[in-house]
file query28.cif (mmCIF, C-alpha atoms)
data_model
#
loop_
_atom_site.label_atom_id
_atom_site.label_comp_id
_atom_site.auth_asym_id
_atom_site.auth_seq_id
_atom_site.Cartn_x
_atom_site.Cartn_y
_atom_site.Cartn_z
CA MET A 9 16.66 49.29 23.40
CA LYS A 10 19.36 48.04 21.06
CA PRO A 11 18.30 44.89 19.19
CA ARG A 12 19.95 41.77 20.53
CA SER A 13 21.64 39.57 17.98
CA LEU A 14 23.39 36.24 17.82
CA ARG A 15 26.10 35.58 15.25
CA PHE A 16 27.56 32.16 14.45
CA LEU A 17 31.09 31.66 13.17
CA VAL A 18 32.76 28.48 12.02
CA GLY A 19 33.21 26.06 14.87
CA ARG A 20 31.42 27.93 17.61
CA PRO A 21 29.06 30.82 18.27
CA VAL A 22 30.08 34.11 19.78
CA THR A 23 27.68 34.16 22.71
CA ARG A 24 24.72 32.59 24.50
CA LEU A 25 25.07 29.12 23.11
CA ARG A 26 26.00 25.78 24.52
CA GLN A 27 26.26 22.36 23.03
CA ARG A 28 23.73 19.69 23.92
CA ARG A 29 25.51 16.37 23.56
CA LYS A 30 22.34 14.39 24.09
CA LEU A 31 20.62 15.91 21.06
CA GLY A 32 23.81 16.38 19.08
CA GLY A 33 23.08 20.01 18.40
CA PHE A 34 22.85 23.51 19.82
CA HIS A 35 20.01 25.35 21.46
CA PHE A 36 19.02 28.70 22.90
CA SER A 37 15.87 30.60 23.74
CA ALA A 38 14.75 32.08 20.46
CA HIS A 39 12.78 34.92 22.00
CA GLU A 40 15.97 36.31 23.59
CA PHE A 41 17.18 37.62 20.25
CA ASP A 42 15.73 40.03 17.72
CA ASN A 43 18.07 38.98 14.92
CA LEU A 44 19.97 35.83 14.10
CA TRP A 45 23.01 35.70 11.87
CA PHE A 46 24.74 32.84 10.15
CA GLY A 47 27.82 34.47 8.75
CA GLU A 48 26.64 37.01 6.23
CA THR A 49 23.06 35.73 6.21
CA LYS A 50 20.69 37.58 8.51
CA LEU A 51 17.76 35.65 9.92
CA SER A 52 14.90 37.74 11.28
CA PHE A 53 11.70 36.51 12.84
CA ASP A 54 8.60 37.92 14.41
CA ARG A 55 7.34 36.10 17.51
CA PHE A 56 8.76 32.74 18.33
CA GLU A 57 9.13 31.16 21.71
CA GLY A 58 10.85 27.99 22.72
CA ARG A 59 14.13 26.79 21.36
CA ALA A 60 15.74 26.13 18.05
CA ILE A 61 17.99 23.19 17.36
CA LEU A 62 20.81 23.32 14.86
CA PRO A 63 20.51 19.84 13.30
CA GLY A 64 23.43 17.68 14.29
CA HIS A 65 26.99 18.70 15.03
CA PHE A 66 28.60 21.03 12.52
CA ASP A 67 30.57 18.15 11.00
CA ASN A 68 27.48 15.96 10.63
CA ALA A 69 25.51 18.84 9.19
CA ILE A 70 28.22 19.47 6.60
CA ASP A 71 28.28 15.80 5.65
CA ARG A 72 24.51 15.86 5.13
CA GLY A 73 24.73 18.95 2.98
CA ARG A 74 22.66 21.12 5.30
CA ILE A 75 25.32 23.75 5.95
CA LYS A 76 27.60 25.23 3.31
CA PHE A 77 30.73 27.08 4.30
CA ARG A 78 31.53 30.35 2.66
CA LYS A 79 35.00 31.67 3.51
CA SER A 80 35.14 31.81 7.31
CA HIS A 81 31.41 32.03 7.87
CA ILE A 82 28.48 29.66 7.77
CA LYS A 83 26.07 30.43 4.99
CA PHE A 84 22.71 29.22 6.19
CA SER A 85 19.07 29.83 5.51
CA ALA A 86 16.08 29.78 7.84
CA PHE A 87 16.33 26.06 8.62
CA PHE A 88 18.01 26.79 11.93
CA PHE A 89 14.87 27.62 13.90
CA SER A 90 12.55 25.43 11.89
CA SER A 91 11.76 22.78 14.48
CA MET A 92 10.04 25.12 16.92
CA ALA A 93 6.35 24.96 17.70
CA HIS A 94 4.53 27.67 15.78
CA ALA A 95 1.78 29.36 17.73
CA SER A 96 -0.05 32.65 17.56
CA PRO A 97 -0.43 34.76 20.68
CA ASP A 98 -4.07 35.17 19.69
CA TYR A 99 -4.54 31.41 19.31
CA PRO A 100 -2.43 29.88 22.11
CA ASP A 101 -4.09 26.47 21.74
CA PHE A 102 -2.97 26.13 18.15
CA GLN A 103 0.61 24.91 18.54
CA HIS A 104 1.88 22.62 15.85
CA ILE A 105 5.41 21.25 15.52
CA SER A 106 6.29 20.87 11.85
CA VAL A 107 7.95 17.56 11.01
CA LEU A 108 11.04 17.21 8.80
CA PRO A 109 11.36 21.01 8.48
CA VAL A 110 15.04 21.04 7.53
CA GLU A 111 14.69 18.24 5.00
CA LEU A 112 11.55 19.67 3.40
CA ILE A 113 12.87 23.19 2.97
CA ASP A 114 16.26 21.93 1.81
CA GLY A 115 14.64 19.70 -0.82
CA LEU A 116 12.47 22.52 -2.17
CA ARG A 117 15.56 24.57 -3.12
CA ILE A 118 13.80 27.84 -2.37
CA GLN A 119 14.58 30.61 -4.85
CA PRO A 120 14.30 34.40 -4.43
CA ASN A 121 11.00 35.68 -5.87
CA GLY A 122 9.74 32.10 -6.01
CA HIS A 123 6.05 31.20 -5.81
CA TYR A 124 5.16 28.26 -3.55
CA LEU A 125 2.04 26.33 -2.56
CA ASP A 126 1.47 24.79 0.89
CA LEU A 127 -1.53 22.49 0.51
CA THR A 128 -1.70 21.59 4.22
CA LEU A 129 -1.11 24.86 6.02
CA GLY A 130 -1.66 23.60 9.57
CA GLY A 131 0.12 25.87 12.04
CA GLY A 132 1.98 27.64 9.25
CA GLY A 133 5.36 26.22 10.25
CA HIS A 134 6.54 25.12 6.82
CA THR A 135 5.02 28.22 5.23
CA ALA A 136 6.93 30.49 7.61
CA LEU A 137 10.19 28.79 6.67
CA ILE A 138 9.54 29.21 2.96
CA LEU A 139 8.76 32.89 3.44
CA ARG A 140 12.00 33.35 5.34
CA GLY A 141 14.04 31.02 3.13
CA ALA A 142 14.73 33.55 0.37
CA ALA A 143 13.95 37.13 -0.49
CA ASP A 144 10.48 38.04 -1.78
CA THR A 145 9.08 34.53 -1.84
CA VAL A 146 5.30 34.23 -2.12
CA VAL A 147 3.25 31.39 -0.59
CA TRP A 148 -0.34 30.32 -1.11
CA GLY A 149 -1.57 28.35 1.91
CA VAL A 150 -4.52 25.93 1.81
CA ASP A 151 -6.28 24.25 4.75
CA GLN A 152 -9.78 22.95 5.42
CA ASP A 153 -9.49 23.66 9.17
CA ALA A 154 -10.78 27.15 9.98
CA SER A 155 -8.73 27.31 13.20
CA ALA A 156 -5.52 26.69 11.23
CA ILE A 157 -6.36 29.51 8.84
CA ALA A 158 -7.15 31.87 11.71
CA ALA A 159 -3.99 31.05 13.65
CA THR A 160 -1.76 31.46 10.60
CA ARG A 161 -3.47 34.72 9.68
CA ALA A 162 -2.64 36.00 13.16
CA HIS A 163 0.99 34.97 13.54
CA LEU A 164 2.03 35.56 9.91
CA ALA A 165 0.02 38.76 9.51
CA PRO A 166 2.98 40.87 8.27
CA TYR A 167 3.40 38.60 5.24
CA ILE A 168 -0.29 38.93 4.40
CA THR A 169 0.04 42.70 4.60
CA GLU A 170 3.04 42.53 2.26
CA HIS A 171 0.99 40.38 -0.18
CA ARG A 172 3.47 37.52 0.20
CA LEU A 173 1.00 35.13 1.83
CA GLN A 174 -2.44 34.21 0.50
CA LEU A 175 -4.74 31.90 2.48
CA HIS A 176 -7.44 29.58 1.09
CA HIS A 177 -9.98 27.85 3.37
CA LEU A 178 -10.85 24.58 1.62
CA ASN A 179 -9.67 21.00 1.16
CA PHE A 180 -6.59 20.73 -1.05
CA ALA A 181 -8.42 18.36 -3.40
CA GLN A 182 -10.89 21.19 -4.16
CA PHE A 183 -8.19 23.79 -4.77
CA THR A 184 -7.62 25.18 -8.27
CA PRO A 185 -4.77 27.67 -8.84
CA GLY A 186 -6.05 29.01 -12.15
CA PRO A 187 -3.19 30.07 -14.44
CA GLN A 188 -0.68 30.34 -11.57
CA ARG A 189 2.24 27.89 -11.60
CA PHE A 190 4.56 27.20 -8.69
CA ASP A 191 8.28 26.73 -8.07
CA GLY A 192 7.43 24.26 -5.32
CA ILE A 193 4.43 22.51 -3.77
CA ILE A 194 4.31 20.80 -0.38
CA ALA A 195 1.76 18.67 1.46
CA ASP A 196 2.08 17.39 5.03
CA LEU A 197 -0.57 14.68 5.23
CA GLY A 198 -2.41 13.34 8.23
CA VAL A 199 -3.53 14.96 11.47
CA SER A 200 -1.84 18.00 12.98
CA SER A 201 -0.60 18.11 16.58
CA VAL A 202 -3.42 20.52 17.38
CA GLN A 203 -6.14 18.21 16.11
CA LEU A 204 -4.69 15.34 18.14
CA ASP A 205 -4.32 17.36 21.33
CA LEU A 206 -7.70 19.11 21.35
CA ALA A 207 -10.11 16.67 22.97
CA GLU A 208 -13.23 18.12 21.32
CA ARG A 209 -11.92 17.16 17.86
CA GLY A 210 -12.22 13.47 18.76
CA PHE A 211 -9.08 12.24 16.98
CA SER A 212 -7.30 10.77 20.00
CA PHE A 213 -8.24 8.19 22.63
CA ARG A 214 -5.82 9.59 25.19
CA GLN A 215 -8.61 11.69 26.68
CA GLU A 216 -12.37 11.36 26.69
CA ALA A 217 -13.96 13.13 23.75
CA PRO A 218 -16.91 12.78 21.37
CA LEU A 219 -16.37 10.48 18.39
CA ASP A 220 -15.96 13.18 15.76
CA MET A 221 -12.66 13.06 13.76
CA ARG A 222 -13.72 15.65 11.18
CA MET A 223 -10.87 17.80 9.92
CA ASP A 224 -13.46 20.14 8.47
CA PRO A 225 -16.33 20.62 10.96
CA ARG A 226 -18.56 21.70 8.08
CA GLN A 227 -18.86 18.15 6.75
CA SER A 228 -21.60 15.85 8.03
CA LEU A 229 -20.05 12.36 8.38
CA THR A 230 -18.51 11.65 11.81
CA ALA A 231 -16.75 8.66 13.35
CA ALA A 232 -19.78 8.15 15.63
CA GLU A 233 -22.02 7.58 12.62
CA ILE A 234 -19.66 4.95 11.18
CA VAL A 235 -19.21 3.10 14.47
CA ASN A 236 -22.87 3.17 15.50
CA GLN A 237 -24.65 2.72 12.17
CA TRP A 238 -22.52 0.74 9.71
CA ASP A 239 -23.04 -3.02 9.45
CA GLU A 240 -20.44 -5.52 10.58
CA GLN A 241 -19.08 -6.39 7.13
CA ALA A 242 -18.60 -2.76 6.09
CA LEU A 243 -16.99 -1.89 9.41
CA ALA A 244 -14.61 -4.86 9.29
CA ASP A 245 -13.58 -4.07 5.71
CA LEU A 246 -12.93 -0.43 6.62
CA ILE A 247 -10.73 -1.36 9.60
CA TYR A 248 -8.80 -3.90 7.53
CA GLN A 249 -8.29 -1.76 4.43
CA TYR A 250 -7.58 1.61 6.03
CA GLY A 251 -6.05 0.44 9.30
CA GLU A 252 -4.31 -2.72 8.03
CA GLU A 253 -5.59 -4.35 11.20
CA ARG A 254 -5.48 -8.17 11.17
CA ARG A 255 -8.11 -8.42 13.92
CA SER A 256 -10.58 -6.30 11.98
CA ARG A 257 -13.46 -8.82 11.98
CA ARG A 258 -13.15 -9.53 15.68
CA ILE A 259 -13.05 -5.81 16.43
CA ALA A 260 -16.12 -5.21 14.24
CA ARG A 261 -18.06 -7.96 16.08
CA HIS A 262 -17.19 -6.47 19.49
CA ILE A 263 -18.19 -2.99 18.33
CA LEU A 264 -21.58 -4.19 17.14
CA ALA A 265 -22.15 -6.13 20.35
CA GLN A 266 -21.43 -3.14 22.60
CA ARG A 267 -22.57 -0.12 20.63
CA PRO A 268 -23.73 2.62 20.72
CA PHE A 269 -20.52 4.49 21.59
CA ALA A 270 -20.42 8.16 22.48
CA THR A 271 -16.77 8.79 23.34
CA THR A 272 -13.29 7.91 22.10
CA THR A 273 -12.27 6.26 25.38
CA GLU A 274 -15.27 3.93 25.36
CA LEU A 275 -14.41 2.75 21.86
CA ALA A 276 -10.69 2.38 22.62
CA TYR A 277 -11.46 0.27 25.70
CA THR A 278 -13.66 -2.09 23.66
CA ILE A 279 -11.02 -2.44 20.93
CA ALA A 280 -8.30 -3.17 23.49
CA GLY A 281 -10.44 -6.05 24.79
CA CYS A 282 -10.04 -7.76 21.41
CA PHE A 283 -6.31 -8.23 22.05
CA PRO A 284 -4.53 -10.67 24.37
CA PRO A 285 -3.61 -9.10 27.74
CA ASN A 286 0.10 -9.11 26.94
CA GLN A 287 -0.51 -6.94 23.85
CA ARG A 288 -2.64 -4.24 25.47
CA HIS A 289 0.12 -2.17 27.00
CA GLY A 290 2.81 -1.99 24.33
CA ARG A 291 4.35 1.05 22.69
CA ILE A 292 1.43 1.24 20.24
CA HIS A 293 -2.08 1.20 21.69
CA PRO A 294 -4.32 -1.60 20.31
CA ALA A 295 -6.86 0.98 19.08
CA THR A 296 -4.35 2.96 17.01
CA ARG A 297 -4.99 1.24 13.68
CA THR A 298 -8.76 1.27 14.07
CA PHE A 299 -8.76 4.98 14.91
CA GLN A 300 -6.57 5.60 11.85
CA ALA A 301 -9.07 3.73 9.67
CA LEU A 302 -12.00 5.72 11.02
CA ARG A 303 -10.20 9.03 10.51
CA ILE A 304 -9.29 8.14 6.92
CA ALA A 305 -12.88 7.15 6.17
CA VAL A 306 -14.43 10.23 7.79
CA ASN A 307 -12.19 12.62 5.87
CA GLN A 308 -11.82 10.57 2.65
CA GLU A 309 -8.09 11.06 2.99
CA LEU A 310 -6.91 8.54 0.41
CA LYS A 311 -9.42 9.70 -2.19
CA MET A 312 -8.28 13.31 -1.66
CA LEU A 313 -4.61 12.27 -1.87
CA GLU A 314 -5.15 10.43 -5.15
CA GLN A 315 -6.82 13.50 -6.61
CA LEU A 316 -3.93 15.67 -5.43
CA LEU A 317 -1.39 13.35 -7.03
CA ARG A 318 -3.27 13.59 -10.32
CA LEU A 319 -3.52 17.37 -10.36
CA ALA A 320 -0.50 18.83 -8.56
CA PRO A 321 2.22 17.97 -11.13
CA ALA A 322 0.51 20.20 -13.70
CA TRP A 323 0.66 23.12 -11.26
CA LEU A 324 4.46 23.06 -11.16
CA LYS A 325 6.75 25.19 -13.27
CA PRO A 326 9.39 23.20 -15.18
CA GLY A 327 12.06 22.40 -12.63
CA GLY A 328 9.64 22.92 -9.73
CA ARG A 329 9.47 20.34 -6.97
CA LEU A 330 6.62 18.51 -5.26
CA GLY A 331 7.32 17.34 -1.70
CA ILE A 332 4.87 15.17 0.24
CA ILE A 333 5.15 13.98 3.83
CA SER A 334 3.14 10.84 4.64
CA PHE A 335 2.62 9.05 7.94
CA HIS A 336 1.57 5.51 7.07
CA SER A 337 2.14 2.97 4.31
CA LEU A 338 -1.22 3.53 2.60
CA GLU A 339 -0.24 7.13 1.86
CA ASP A 340 3.43 6.48 1.15
CA ARG A 341 2.73 3.73 -1.41
CA ARG A 342 0.37 5.99 -3.32
CA VAL A 343 2.89 8.83 -3.35
CA LYS A 344 5.74 6.54 -4.38
CA TYR A 345 3.97 4.99 -7.37
CA ALA A 346 2.28 8.21 -8.49
CA PHE A 347 5.69 9.90 -8.71
CA LYS A 348 7.20 6.92 -10.51
CA GLU A 349 4.40 6.52 -13.05
CA ASN A 350 4.00 10.18 -13.96
CA HIS A 351 5.96 10.88 -17.14
CA ASP A 352 6.15 14.58 -16.35
CA LEU A 353 8.01 14.01 -13.09
CA ARG A 354 11.54 12.98 -12.21
CA VAL A 355 11.80 11.14 -8.90
CA VAL A 356 14.30 12.92 -6.65
CA THR A 357 14.14 10.61 -3.62
CA LYS A 358 14.35 6.94 -4.51
CA LYS A 359 13.98 6.14 -0.82
CA PRO A 360 11.90 8.24 1.55
CA ILE A 361 13.58 10.74 3.85
CA VAL A 362 12.90 10.07 7.53
CA ALA A 363 13.47 12.11 10.68
CA ALA A 364 16.86 12.14 12.37
CA ALA A 365 17.21 10.73 15.88
CA ALA A 366 17.42 14.22 17.40
CA GLU A 367 14.11 15.26 15.85
CA MET A 368 12.38 12.06 16.91
CA GLU A 369 13.51 12.71 20.47
CA ARG A 370 12.16 16.26 20.38
CA ASN A 371 8.99 15.36 18.50
CA PRO A 372 7.96 11.68 18.80
CA ARG A 373 5.23 12.16 16.19
CA SER A 374 7.93 12.52 13.54
CA ARG A 375 8.89 8.84 13.92
CA SER A 376 6.50 7.68 11.21
CA ALA A 377 6.99 10.62 8.83
CA LYS A 378 8.30 9.88 5.33
CA LEU A 379 9.17 12.57 2.82
CA ARG A 380 9.38 12.07 -0.95
CA PHE A 381 10.27 14.58 -3.65
CA ALA A 382 9.63 14.67 -7.38
CA GLU A 383 10.63 17.35 -9.86
CA ARG A 384 8.75 18.60 -12.91
CA LYS A 385 10.81 17.84 -15.99
CA LEU A 386 12.35 20.75 -17.86
CA LEU A 387 11.30 22.12 -21.22
CA GLU A 388 12.23 20.42 -24.46
CA SER A 389 12.63 22.05 -27.87
CA GLU A 390 10.56 21.32 -30.94
CA PRO A 391 12.22 21.15 -34.40
CA SER A 392 11.41 24.84 -34.83
CA GLY A 393 13.59 25.59 -31.85
CA GLU A 394 10.71 26.96 -29.82
CA PRO A 395 10.61 25.53 -26.29
CA VAL A 396 7.50 23.57 -25.37
CA GLU A 397 6.51 21.60 -22.32
CA LYS A 398 7.16 17.91 -22.60
CA ARG A 399 3.94 16.01 -23.22
CA GLY A 400 2.99 13.53 -20.56
CA THR A 401 0.29 12.03 -18.44
CA PHE A 402 -1.20 15.16 -16.96
CA LEU A 403 -0.48 17.84 -19.58
CA ARG A 404 -2.82 18.63 -22.40
#
call {"tool": "encode", "arguments": {"input": "query28.cif", "output": "structure tokens"}}
result
Amino acid sequence: MKPRSLRFLVGRPVTRLRQRRKLGGFHFSAHEFDNLWFGETKLSFDRFEGRAILPGHFDNAIDRGRIKFRKSHIKFSAFFFSSMAHASPDYPDFQHISVLPVELIDGLRIQPNGHYLDLTLGGGGHTALILRGAADTVVWGVDQDASAIAATRAHLAPYITEHRLQLHHLNFAQFTPGPQRFDGIIADLGVSSVQLDLAERGFSFRQEAPLDMRMDPRQSLTAAEIVNQWDEQALADLIYQYGEERRSRRIARHILAQRPFATTTELAYTIAGCFPPNQRHGRIHPATRTFQALRIAVNQELKMLEQLLRLAPAWLKPGGRLGIISFHSLEDRRVKYAFKENHDLRVVTKKPIVAAAAEMERNPRSRSAKLRFAERKLLESEPSGEPVEKRGTFLR
């Protein structure tokens, strides 16, 4: 059978495409085509299902610098199908929609033969885009979740065979690259869509599940241990500091009065009872902040992030970029000030990049995502004329 292809020209596509005014973009079924073309740039992919959205109208995309015209064709990289859910046929339950895919890949400025590090591999969505973003790119992927490693190994197997993808099963704070330096490093913090949707992981109160919340099942501390064994003062402080919850002490008292808890729904119901009736059914569930605090404590997320921010700048090549996506103010503040205070980095994004309206409609979990970039400063020259790395906070 002859491979089916889709080619885009300026202004409109040749075939099988229609405009979606509601989303302000274009869509089609990705699995219908073997090859995609944007002008002279060929986009190939293995197994994707679902749809791809071209971000914004052509005019808006041009204004935002996402599409560059070259003669009468659109010169485009792999951003076009980046917002799809990445899933392996062998691991159908592991479907994760990568947030801010266009903005992240665009900000990395992917180079041919570049070496990149994805510290939060997840479903492999961002990694797949980097591998397709330029010729002969190499990615090292890190994740503490064994199911994420297995799913990525399955659906990106050709890149592993080609020695373009290397997987590491550990927490990013424990990762050491040795002498290798990278053209770009990314980290997508927080919980993946898979971890939220799988009841047995215990991250969400939308369905009954054991109080677990471990990103790495190998670790011992669980949310159940914190809720059922910690004293009131420690529990209240945790909820206030990590959840920024003003009712932390009242919540802690109610938890102690009604524990032990075995499931997420039991705990969420008790927390909701600490709020006035008119605040229990809003857009954000009353238990959201407390569950965030428990998850952060179980996985030591802020401690791991601080260690990452200390170490990662030294892993970059001069001119390489570090991009971090955060999902709440505790993470974003740490990223912001770490970038600003590191003398080896130049802040690229003075204000965080957030998701466009079209992406938030397709993927509501992207609403709270904030992306910041910093760039490793270039080499300076000593009086002898020999280039040396600029001395700074994290270089010895």
call {"tool": "residues_around", "arguments": {"input": "query28.cif", "residues": "Lys378 in chain A", "least_positions_apart": "2", "cutoff": "6 Å", "atoms": "only C-alpha atoms", "output": "list in words"}}
result
Ile333, Ser334, Pro360, Ile361 and Val362 of chain A
call {"tool": "atom_distance", "arguments": {"input": "query28.cif", "atom1": "CA of Thr128 in chain A", "atom2": "CA of Asn179 in chain A"}}
result
8.6 Å
call {"tool": "residues_around", "arguments": {"input": "query28.cif", "residues": "Gly331 in chain A", "least_positions_apart": "6", "cutoff": "7 Å", "atoms": "all atoms listed in the file", "output": "ChimeraX atom specification"}}
result
/A:193-195,379-382
call {"tool": "atom_distance", "arguments": {"input": "query28.cif", "atom1": "CA of Arg222 in chain A", "atom2": "CA of Leu108 in chain A"}}
result
24.9 Å
call {"tool": "closest_residue", "arguments": {"input": "query28.cif", "among": "A:Arg261, A:Gly328, A:Leu127, A:Met221", "to": "Gln182 in chain A", "atoms": "only C-alpha atoms"}}
result
A:Leu127
call {"tool": "atom_distance", "arguments": {"input": "query28.cif", "atom1": "CA of Ala346 in chain A", "atom2": "CA of Asp196 in chain A"}}
result
16.3 Å
call {"tool": "resolve_selection", "arguments": {"input": "query28.cif", "expression": "the PyMOL selection byres ((chain A and resi 161) around 12)", "output": "count of residues only"}}
result
34
call {"tool": "residues_around", "arguments": {"input": "query28.cif", "residues": "range 278-292 of chain A", "least_positions_apart": "3", "cutoff": "12 Å", "atoms": "only C-alpha atoms", "output": "VMD selection string"}}
result
chain A and resid 213 235 247 253 to 269 271 to 275 295 to 299 372
call {"tool": "write_last_selection", "arguments": {"input": "query28.cif", "atoms": "C-alpha atoms", "output": "short mmCIF file (atom, residue, chain, number, x, y, z; two decimals), keeping the file's coordinate frame"}}
result
data_model
loop_
_atom_site.label_atom_id
_atom_site.label_comp_id
_atom_site.auth_asym_id
_atom_site.auth_seq_id
_atom_site.Cartn_x
_atom_site.Cartn_y
_atom_site.Cartn_z
CA PHE A 213 -8.24 8.19 22.63
CA VAL A 235 -19.21 3.10 14.47
CA ILE A 247 -10.73 -1.36 9.60
CA GLU A 253 -5.59 -4.35 11.20
CA ARG A 254 -5.48 -8.17 11.17
CA ARG A 255 -8.11 -8.42 13.92
CA SER A 256 -10.58 -6.30 11.98
CA ARG A 257 -13.46 -8.82 11.98
CA ARG A 258 -13.15 -9.53 15.68
CA ILE A 259 -13.05 -5.81 16.43
CA ALA A 260 -16.12 -5.21 14.24
CA ARG A 261 -18.06 -7.96 16.08
CA HIS A 262 -17.19 -6.47 19.49
CA ILE A 263 -18.19 -2.99 18.33
CA LEU A 264 -21.58 -4.19 17.14
CA ALA A 265 -22.15 -6.13 20.35
CA GLN A 266 -21.43 -3.14 22.60
CA ARG A 267 -22.57 -0.12 20.63
CA PRO A 268 -23.73 2.62 20.72
CA PHE A 269 -20.52 4.49 21.59
CA THR A 271 -16.77 8.79 23.34
CA THR A 272 -13.29 7.91 22.10
CA THR A 273 -12.27 6.26 25.38
CA GLU A 274 -15.27 3.93 25.36
CA LEU A 275 -14.41 2.75 21.86
CA ALA A 295 -6.86 0.98 19.08
CA THR A 296 -4.35 2.96 17.01
CA ARG A 297 -4.99 1.24 13.68
CA THR A 298 -8.76 1.27 14.07
CA PHE A 299 -8.76 4.98 14.91
CA PRO A 372 7.96 11.68 18.80
#
call {"tool": "residues_around", "arguments": {"input": "query28.cif", "residues": "Ala320 in chain A", "least_positions_apart": "2", "cutoff": "10 Å", "atoms": "all atoms listed in the file", "output": "PyMOL selection string"}}
result
chain A and resi 125+127+180-181+183-185+189-190+193-194+315-318+322-324+330+402
call {"tool": "write_last_selection", "arguments": {"input": "query28.cif", "atoms": "C-alpha atoms", "output": "mmCIF file, in the coordinates of the input"}}
result
data_model
loop_
_atom_site.group_PDB
_atom_site.id
_atom_site.type_symbol
_atom_site.label_atom_id
_atom_site.label_comp_id
_atom_site.auth_asym_id
_atom_site.auth_seq_id
_atom_site.Cartn_x
_atom_site.Cartn_y
_atom_site.Cartn_z
ATOM 1 C CA LEU A 125 2.040 26.330 -2.560
ATOM 2 C CA LEU A 127 -1.530 22.490 0.510
ATOM 3 C CA PHE A 180 -6.590 20.730 -1.050
ATOM 4 C CA ALA A 181 -8.420 18.360 -3.400
ATOM 5 C CA PHE A 183 -8.190 23.790 -4.770
ATOM 6 C CA THR A 184 -7.620 25.180 -8.270
ATOM 7 C CA PRO A 185 -4.770 27.670 -8.840
ATOM 8 C CA ARG A 189 2.240 27.890 -11.600
ATOM 9 C CA PHE A 190 4.560 27.200 -8.690
ATOM 10 C CA ILE A 193 4.430 22.510 -3.770
ATOM 11 C CA ILE A 194 4.310 20.800 -0.380
ATOM 12 C CA GLN A 315 -6.820 13.500 -6.610
ATOM 13 C CA LEU A 316 -3.930 15.670 -5.430
ATOM 14 C CA LEU A 317 -1.390 13.350 -7.030
ATOM 15 C CA ARG A 318 -3.270 13.590 -10.320
ATOM 16 C CA ALA A 322 0.510 20.200 -13.700
ATOM 17 C CA TRP A 323 0.660 23.120 -11.260
ATOM 18 C CA LEU A 324 4.460 23.060 -11.160
ATOM 19 C CA LEU A 330 6.620 18.510 -5.260
ATOM 20 C CA PHE A 402 -1.200 15.160 -16.960
#
call {"tool": "axis_aligned_box", "arguments": {"input": "query28.cif", "around": "range 270-276 of chain A", "padding_each_side": "5 Å", "output": "JSON"}}
result
{"center_x": -15.6, "center_y": 5.6, "center_z": 23.6, "size_x": 19.7, "size_y": 16.4, "size_z": 13.5}
call {"tool": "closest_residue", "arguments": {"input": "query28.cif", "among": "A:Gln249, A:Asn307, A:Ser337, A:Ser212", "to": "Gln152 in chain A", "atoms": "all atoms listed in the file"}}
result
A:Asn307
call {"tool": "closest_residue", "arguments": {"input": "query28.cif", "among": "A:Ala231, A:Leu197, A:Ala363, A:Leu313", "to": "Phe335 in chain A", "atoms": "all atoms listed in the file"}}
result
A:Leu197
call {"tool": "closest_residue", "arguments": {"input": "query28.cif", "among": "A:Glu170, A:Glu252, A:Glu367, A:Asp224", "to": "Glu309 in chain A", "atoms": "only C-alpha atoms"}}
result
A:Asp224
call {"tool": "decode", "arguments": {"input": "query28.cif", "residues": "range 211-239 of chain A", "atoms": "C-alpha atoms", "output": "compact mmCIF listing (two decimals), in the first residue's frame"}}
result
# COMPACT_ATOMS: atom_id res chain seq x y z
CA PHE A 211 -3.33 10.53 44.22
CA SER A 212 -6.91 11.56 43.45
CA PHE A 213 -10.10 11.73 45.50
CA ARG A 214 -12.34 11.42 42.45
CA GLN A 215 -12.54 7.66 42.98
CA GLU A 216 -12.10 5.45 46.00
CA ALA A 217 -8.52 4.31 46.42
CA PRO A 218 -6.00 3.50 49.16
CA LEU A 219 -4.15 6.48 50.64
CA ASP A 220 -0.83 5.89 48.90
CA MET A 221 0.47 8.83 46.77
CA ARG A 222 3.94 7.35 46.21
CA MET A 223 5.43 8.21 42.84
CA ASP A 224 7.99 5.50 43.43
CA PRO A 225 6.30 2.41 44.94
CA ARG A 226 9.68 1.30 46.27
CA GLN A 227 9.69 3.97 48.98
CA SER A 228 8.11 3.27 52.37
CA LEU A 229 6.31 6.48 53.43
CA THR A 230 2.66 6.71 52.31
CA ALA A 231 -0.09 9.29 52.75
CA ALA A 232 -1.91 6.84 55.05
CA GLU A 233 1.00 6.87 57.48
CA ILE A 234 1.04 10.68 57.62
CA VAL A 235 -2.72 11.01 58.06
CA ASN A 236 -3.10 8.23 60.62
CA GLN A 237 0.09 8.59 62.68
CA TRP A 238 1.33 12.19 62.69
CA ASP A 239 0.32 14.47 65.56
